[in-house]
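Text of the file run.cif, holding mmCIF, C-alpha atoms:
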```cif
data_model
loop_
_atom_site.label_atom_id
_atom_site.label_comp_id
_atom_site.auth_asym_id
_atom_site.auth_seq_id
_atom_site.Cartn_x
_atom_site.Cartn_y
_atom_site.Cartn_z
CA MET X 1 86.10 -43.57 -42.81
CA GLU X 2 84.80 -41.27 -40.08
CA ARG X 3 82.02 -42.19 -37.70
CA ILE X 4 80.31 -40.47 -34.77
CA ASP X 5 80.42 -42.38 -31.45
CA ASP X 6 78.14 -41.57 -28.54
CA LEU X 7 80.19 -41.22 -25.32
CA GLN X 8 77.03 -41.80 -23.23
CA PHE X 9 77.97 -38.93 -20.92
CA GLU X 10 76.27 -35.54 -20.88
CA ASN X 11 75.22 -36.15 -24.52
CA LEU X 12 78.85 -35.87 -25.62
CA LYS X 13 79.93 -37.40 -28.92
CA ILE X 14 83.24 -37.94 -30.69
CA ILE X 15 84.24 -38.34 -34.33
CA GLN X 16 86.70 -41.16 -34.98
CA ASP X 17 88.34 -42.79 -37.98
CA THR X 18 87.46 -46.45 -38.30
CA ASN X 19 90.86 -47.03 -39.94
CA GLY X 20 92.84 -45.01 -37.40
CA PHE X 21 93.72 -45.26 -33.72
CA ARG X 22 90.57 -45.03 -31.57
CA PHE X 23 90.51 -44.21 -27.89
CA GLY X 24 90.40 -47.04 -25.36
CA ILE X 25 89.30 -47.53 -21.78
CA ASP X 26 92.62 -46.10 -20.57
CA SER X 27 91.45 -42.62 -21.63
CA VAL X 28 88.16 -43.03 -19.77
CA LEU X 29 89.98 -44.22 -16.65
CA LEU X 30 92.39 -41.29 -16.83
CA THR X 31 89.56 -38.74 -16.89
CA GLU X 32 87.97 -40.47 -13.89
CA PHE X 33 91.30 -40.40 -12.05
CA ALA X 34 91.59 -36.68 -12.81
CA ARG X 35 88.22 -35.78 -11.36
CA ASP X 36 89.95 -34.04 -8.45
CA ILE X 37 90.77 -31.17 -10.83
CA LYS X 38 88.92 -28.13 -9.49
CA LYS X 39 86.54 -26.09 -11.64
CA ASN X 40 87.69 -23.20 -13.84
CA LYS X 41 91.23 -24.48 -14.35
CA THR X 42 93.32 -24.14 -17.50
CA ILE X 43 94.23 -27.55 -18.97
CA VAL X 44 96.63 -28.65 -21.71
CA ASP X 45 96.10 -32.11 -23.22
CA LEU X 46 99.34 -33.23 -24.85
CA GLY X 47 98.78 -35.66 -27.71
CA THR X 48 95.04 -35.07 -27.68
CA GLY X 49 94.31 -37.35 -30.63
CA THR X 50 90.64 -36.89 -31.50
CA GLY X 51 90.12 -34.97 -28.26
CA ILE X 52 88.68 -37.66 -26.01
CA LEU X 53 90.31 -36.46 -22.77
CA GLY X 54 89.33 -32.85 -23.25
CA ILE X 55 85.80 -33.67 -24.37
CA LEU X 56 85.13 -35.81 -21.28
CA LEU X 57 86.86 -33.37 -18.91
CA SER X 58 84.75 -30.51 -20.26
CA LYS X 59 81.74 -31.97 -18.41
CA LYS X 60 83.56 -33.72 -15.56
CA VAL X 61 85.65 -30.87 -14.13
CA TYR X 62 84.24 -27.80 -15.97
CA PRO X 63 87.53 -26.17 -16.94
CA LYS X 64 88.00 -22.55 -17.92
CA LYS X 65 90.05 -23.52 -20.95
CA ILE X 66 91.37 -26.68 -22.62
CA ILE X 67 94.14 -26.70 -25.23
CA GLY X 68 94.63 -29.97 -27.08
CA VAL X 69 97.95 -30.48 -28.87
CA GLU X 70 98.04 -32.97 -31.75
CA ILE X 71 100.82 -33.48 -34.31
CA GLN X 72 98.74 -35.23 -36.98
CA GLU X 73 96.90 -32.64 -39.06
CA GLU X 74 94.09 -34.94 -40.16
CA VAL X 75 93.49 -36.14 -36.57
CA ALA X 76 93.62 -32.55 -35.27
CA LYS X 77 90.94 -31.56 -37.78
CA MET X 78 88.80 -34.47 -36.59
CA ALA X 79 89.16 -33.23 -33.01
CA GLN X 80 88.10 -29.74 -34.11
CA LYS X 81 84.98 -31.21 -35.71
CA SER X 82 84.17 -33.06 -32.47
CA ILE X 83 84.60 -29.82 -30.52
CA LYS X 84 82.12 -28.11 -32.84
CA LEU X 85 79.76 -31.09 -32.68
CA ASN X 86 79.67 -30.77 -28.87
CA SER X 87 79.48 -26.93 -28.92
CA LEU X 88 82.72 -26.63 -26.94
CA GLU X 89 84.36 -23.96 -29.13
CA ASN X 90 84.28 -21.44 -26.29
CA ILE X 91 86.53 -23.54 -24.02
CA PHE X 92 88.35 -26.15 -26.16
CA GLU X 93 91.04 -25.24 -28.70
CA ILE X 94 93.19 -27.55 -30.85
CA ILE X 95 96.80 -26.77 -31.81
CA ASN X 96 98.32 -28.83 -34.64
CA ALA X 97 101.97 -29.07 -33.55
CA ASN X 98 104.75 -31.28 -32.25
CA ILE X 99 104.85 -31.06 -28.46
CA LYS X 100 108.59 -30.27 -28.71
CA GLU X 101 107.87 -27.13 -30.74
CA LEU X 102 105.03 -25.56 -28.77
CA LYS X 103 104.89 -21.80 -28.45
CA LEU X 104 102.55 -21.71 -25.46
CA PRO X 105 103.25 -19.63 -22.32
CA LYS X 106 105.53 -21.38 -19.83
CA ASN X 107 104.77 -21.79 -16.12
CA TYR X 108 101.20 -20.71 -16.85
CA TYR X 109 98.70 -23.59 -16.98
CA ASP X 110 97.05 -25.26 -13.98
CA VAL X 111 96.99 -28.79 -15.38
CA VAL X 112 98.65 -30.91 -18.06
CA ILE X 113 97.13 -34.29 -18.88
CA THR X 114 98.34 -36.90 -21.35
CA ASN X 115 97.88 -40.42 -22.62
CA PRO X 116 101.16 -40.58 -24.58
CA PRO X 117 102.59 -43.31 -26.80
CA TYR X 118 103.72 -46.20 -24.59
CA LYS X 119 106.32 -47.89 -26.78
CA LYS X 120 109.84 -47.05 -27.86
CA VAL X 121 110.38 -47.16 -31.60
CA ASP X 122 112.58 -50.27 -31.43
CA THR X 123 110.06 -52.37 -29.49
CA GLY X 124 106.85 -54.17 -30.38
CA ILE X 125 105.15 -54.88 -33.69
CA ILE X 126 105.02 -51.84 -35.97
CA SER X 127 101.60 -51.23 -37.51
CA LYS X 128 101.37 -50.48 -41.22
CA ASN X 129 98.86 -47.76 -40.33
CA ILE X 130 100.90 -44.57 -39.77
CA LYS X 131 98.22 -43.03 -37.52
CA GLN X 132 98.37 -46.06 -35.25
CA GLN X 133 102.17 -45.99 -35.29
CA ILE X 134 102.28 -42.37 -34.13
CA SER X 135 99.70 -43.04 -31.40
CA ARG X 136 101.51 -46.11 -30.04
CA PHE X 137 105.22 -45.46 -30.63
CA GLU X 138 107.56 -42.61 -29.63
CA ILE X 139 108.12 -41.59 -33.25
CA HIS X 140 108.05 -37.80 -32.86
CA ALA X 141 108.76 -37.44 -29.13
CA ASN X 142 110.06 -39.74 -26.40
CA LEU X 143 108.93 -40.06 -22.78
CA GLU X 144 111.32 -37.36 -21.57
CA ASP X 145 110.02 -34.94 -24.22
CA TRP X 146 106.44 -35.39 -22.97
CA ILE X 147 107.38 -34.84 -19.34
CA LYS X 148 109.77 -31.95 -20.03
CA THR X 149 107.06 -30.16 -22.01
CA ALA X 150 104.47 -30.77 -19.29
CA SER X 151 106.78 -29.39 -16.60
CA GLU X 152 107.52 -26.29 -18.66
CA LEU X 153 103.84 -25.55 -19.22
CA ILE X 154 102.37 -25.90 -15.73
CA ASN X 155 102.77 -23.34 -13.00
CA SER X 156 104.39 -24.07 -9.65
CA ASN X 157 102.08 -26.42 -7.73
CA GLY X 158 100.28 -27.22 -10.98
CA SER X 159 99.20 -30.83 -11.60
CA PHE X 160 100.29 -33.39 -14.18
CA TYR X 161 98.16 -36.46 -14.94
CA MET X 162 99.07 -39.38 -17.14
CA VAL X 163 98.37 -43.03 -17.84
CA TYR X 164 101.35 -45.20 -18.72
CA ARG X 165 102.79 -48.69 -18.88
CA VAL X 166 103.97 -50.27 -15.63
CA ASN X 167 107.02 -51.82 -17.29
CA ARG X 168 108.47 -48.32 -17.78
CA LEU X 169 107.60 -47.05 -14.30
CA THR X 170 111.21 -46.83 -13.05
CA GLU X 171 112.20 -44.76 -16.07
CA LEU X 172 109.08 -42.62 -15.66
CA PHE X 173 109.79 -41.81 -12.01
CA LYS X 174 113.38 -40.81 -12.78
CA ILE X 175 112.28 -38.39 -15.48
CA LEU X 176 109.48 -36.91 -13.38
CA ASN X 177 111.99 -36.26 -10.61
CA LYS X 178 114.40 -34.65 -13.09
CA TYR X 179 111.74 -32.09 -14.07
CA ASN X 180 110.54 -31.34 -10.52
CA LEU X 181 107.30 -33.27 -10.79
CA GLU X 182 106.61 -34.96 -7.45
CA VAL X 183 104.28 -37.96 -7.65
CA LYS X 184 101.33 -37.56 -5.28
CA ARG X 185 98.86 -40.24 -6.32
CA ILE X 186 99.36 -43.53 -8.11
CA ARG X 187 96.85 -46.23 -9.00
CA PHE X 188 97.66 -49.52 -10.70
CA VAL X 189 95.20 -50.83 -13.28
CA TYR X 190 94.64 -54.57 -13.70
CA SER X 191 92.81 -56.24 -16.56
CA LYS X 192 91.97 -59.00 -14.03
CA LEU X 193 93.08 -59.25 -10.41
CA SER X 194 94.73 -62.60 -11.12
CA GLU X 195 96.96 -60.98 -13.75
CA GLN X 196 99.84 -58.55 -13.46
CA SER X 197 99.15 -54.84 -13.73
CA ASN X 198 100.22 -53.32 -17.03
CA LEU X 199 98.82 -49.78 -16.69
CA VAL X 200 99.29 -47.11 -14.04
CA LEU X 201 97.52 -43.80 -13.41
CA ILE X 202 99.70 -41.04 -12.01
CA LYS X 203 99.21 -37.55 -10.60
CA ALA X 204 102.29 -35.42 -9.98
CA VAL X 205 102.63 -31.84 -8.71
CA LYS X 206 105.28 -29.41 -9.88
CA ASN X 207 107.60 -28.45 -7.02
CA GLY X 208 105.39 -30.45 -4.66
CA ASN X 209 106.41 -31.76 -1.25
CA ILE X 210 107.32 -35.43 -0.89
CA PHE X 211 104.15 -37.40 -0.18
CA LEU X 212 102.84 -40.39 -2.13
CA LYS X 213 99.45 -42.08 -1.88
CA VAL X 214 99.13 -45.50 -3.50
CA GLU X 215 95.43 -46.03 -4.12
CA LYS X 216 93.62 -49.36 -4.20
CA PRO X 217 93.96 -51.39 -7.41
CA LEU X 218 91.58 -50.62 -10.26
CA VAL X 219 90.40 -53.91 -11.77
CA ILE X 220 88.57 -53.83 -15.10
CA TYR X 221 87.27 -57.39 -15.46
CA LYS X 222 86.08 -60.12 -13.12
CA GLU X 223 87.49 -63.60 -13.72
CA ASP X 224 84.43 -64.45 -15.86
CA GLY X 225 85.25 -61.59 -18.23
CA THR X 226 82.44 -59.25 -17.15
CA TYR X 227 83.11 -55.73 -15.89
CA THR X 228 83.80 -55.19 -12.20
CA ASN X 229 81.38 -53.11 -10.15
CA GLU X 230 83.68 -50.09 -10.27
CA ILE X 231 83.82 -50.10 -14.06
CA ILE X 232 80.05 -50.65 -14.23
CA ASN X 233 79.57 -47.66 -11.93
CA ILE X 234 81.75 -45.49 -14.17
CA TYR X 235 79.52 -46.31 -17.12
CA LYS X 236 76.38 -46.00 -14.99
CA ASP X 237 77.60 -42.53 -14.11
CA LYS X 238 77.74 -41.82 -17.83
CA GLU X 239 74.22 -43.14 -18.33
CA ASN X 240 72.83 -41.28 -15.32
CA ASN X 241 74.20 -38.04 -16.69
CA ASN X 242 72.19 -38.64 -19.83
CA GLU X 243 68.87 -39.08 -18.05
#
```

Mind converting the file's structure to structure tokens?
Amino acid sequence: MERIDDLQFENLKIIQDTNGFRFGIDSVLLTEFARDIKKNKTIVDLGTGTGILGILLSKKVYPKKIIGVEIQEEVAKMAQKSIKLNSLENIFEIINANIKELKLPKNYYDVVITNPPYKKVDTGIISKNIKQQISRFEIHANLEDWIKTASELINSNGSFYMVYRVNRLTELFKILNKYNLEVKRIRFVYSKLSEQSNLVLIKAVKNGNIFLKVEKPLVIYKEDGTYTNEIINIYKDKENNNE
């Protein structure tokens, strides 16, 4: 069953399936992390899902063009409906394809951004819902496929943004290095400061010089379970943009 959710930012809305995989706070945090993208850039969102990253970025960084790539036909159609709902047809396009079979120009785009599946197919509890399986597990493409495709698409000195699991960080860094993506910024995300980090936000630059900035931790919840001031400010920013 489809429903329309208000993103509480610049009057943006998104259509989601109540029985499918819905976006989480990791997508919101990734678009905040990517706010250093300059205006009028060309962006590819690999594994766009229902288009949450592109929809938010459309009003956060004002790109020239966004291309969202989504393998699931039904989900891709939902993203197209959200694009029309938000009147973004002039800048946001959806391609229904496997990221390993893209026929987009190589070494062309300014930015690639992705919130890919975090889990290998032989790990974790497999959901009976196929949409959730594809969103969470590397069923159609593994981590190296995502990074290889990103590196092929972006131009020299282009930027690659992603959110990923900390427990695969060593593997991630090795693959980024293999495809000439030099990590420039990294920020660890904590559910609570007393707990271990399980998410990390990363910006890498193709053929970039060696320089890494580790930013201060991003903590979502205080110990009492309420949002931290930073998370509150992110959502206040959304509300203020609606006033």

Straight-line distance linking CA of Gly47 in chain X with CA of Leu212 in chain X, stated in Å to one decimal: 26.3 Å

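Applied to the shown file, the PyMOL selection byres ((chain X and resi 33-39) around 9) selects the residues Val28, Leu29, Leu30, Thr31, Glu32, Asn40, Lys41, Leu57, Lys60, Val61, Tyr62, Pro63, Lys64, Val111, Ile113, Ser159, Tyr161, Arg187, Leu201, Ile202 and Lys203 of chain X.
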
Ref. answer, residues at most 8 Å from (91.4, -28.3, -22.7) with only C-alpha atoms, as a PyMOL selection string: chain X and resi 42-45+54-55+57-58+63+65-68+91-93

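When only C-alpha atoms are used to measure the gap to Glu10 in chain X, the shortest distance among X:Leu181, X:Tyr235, X:Tyr227, X:Glu171 belongs to X:Tyr235.
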
Length of the CA of Leu218 in chain X to CA of Ser82 in chain X vector [Å]: 29.3 Å

Reference answer for the PyMOL selection byres ((chain X and resi 142-147) around 7), as a PyMOL selection string: chain X and resi 100+138+141+148-151+175-176

Chain and number of each residue from the PyMOL selection byres ((chain X and resi 192) around 7), as an MDAnalysis selection string: chainID X and resid 190:191 193:195 219:223

Those same residues - C-alpha atoms - I'd like them written as a short mmCIF file (atom, residue, chain, number, x, y, z; two decimals), in the coordinates of the input.
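As a result, again_22.cif now contains:
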```
data_model
loop_
_atom_site.label_atom_id
_atom_site.label_comp_id
_atom_site.auth_asym_id
_atom_site.auth_seq_id
_atom_site.Cartn_x
_atom_site.Cartn_y
_atom_site.Cartn_z
CA TYR X 190 94.64 -54.57 -13.70
CA SER X 191 92.81 -56.24 -16.56
CA LEU X 193 93.08 -59.25 -10.41
CA SER X 194 94.73 -62.60 -11.12
CA GLU X 195 96.96 -60.98 -13.75
CA VAL X 219 90.40 -53.91 -11.77
CA ILE X 220 88.57 -53.83 -15.10
CA TYR X 221 87.27 -57.39 -15.46
CA LYS X 222 86.08 -60.12 -13.12
CA GLU X 223 87.49 -63.60 -13.72
#
```

Can you pull out the residues contacting Met78 in chain X? Cut-off 6 Å, using only C-alpha atoms, and skip same-chain residues under 3 positions away; I want them as a PDB file with C-alpha atoms, in the frame of the given file.
```pdb
ATOM      1  CA  THR X  50      90.640 -36.890 -31.500  1.00  0.00           C
ATOM      2  CA  VAL X  75      93.490 -36.140 -36.570  1.00  0.00           C
ATOM      3  CA  LYS X  81      84.980 -31.210 -35.710  1.00  0.00           C
TER       4      LYS X  81
END
```

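Going from CA of Asn157 in chain X over to CA of Glu182 in chain X, you cover 9.7 Å.
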
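Among the candidates X:Asn233, X:Thr228, X:Ser156, X:Thr48, the one nearest to Ala204 in chain X when counting all atoms listed in the file is X:Ser156.
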
Residue with smallest distance to Asn198 in chain X - pool X:Gly51, X:Phe211, X:Arg165, X:Phe173, counting only C-alpha atoms: X:Arg165

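Closest approach to Leu7 in chain X among X:Val214, X:Gly20, X:Leu53, X:Lys84: X:Leu53, based on all atoms listed in the file.
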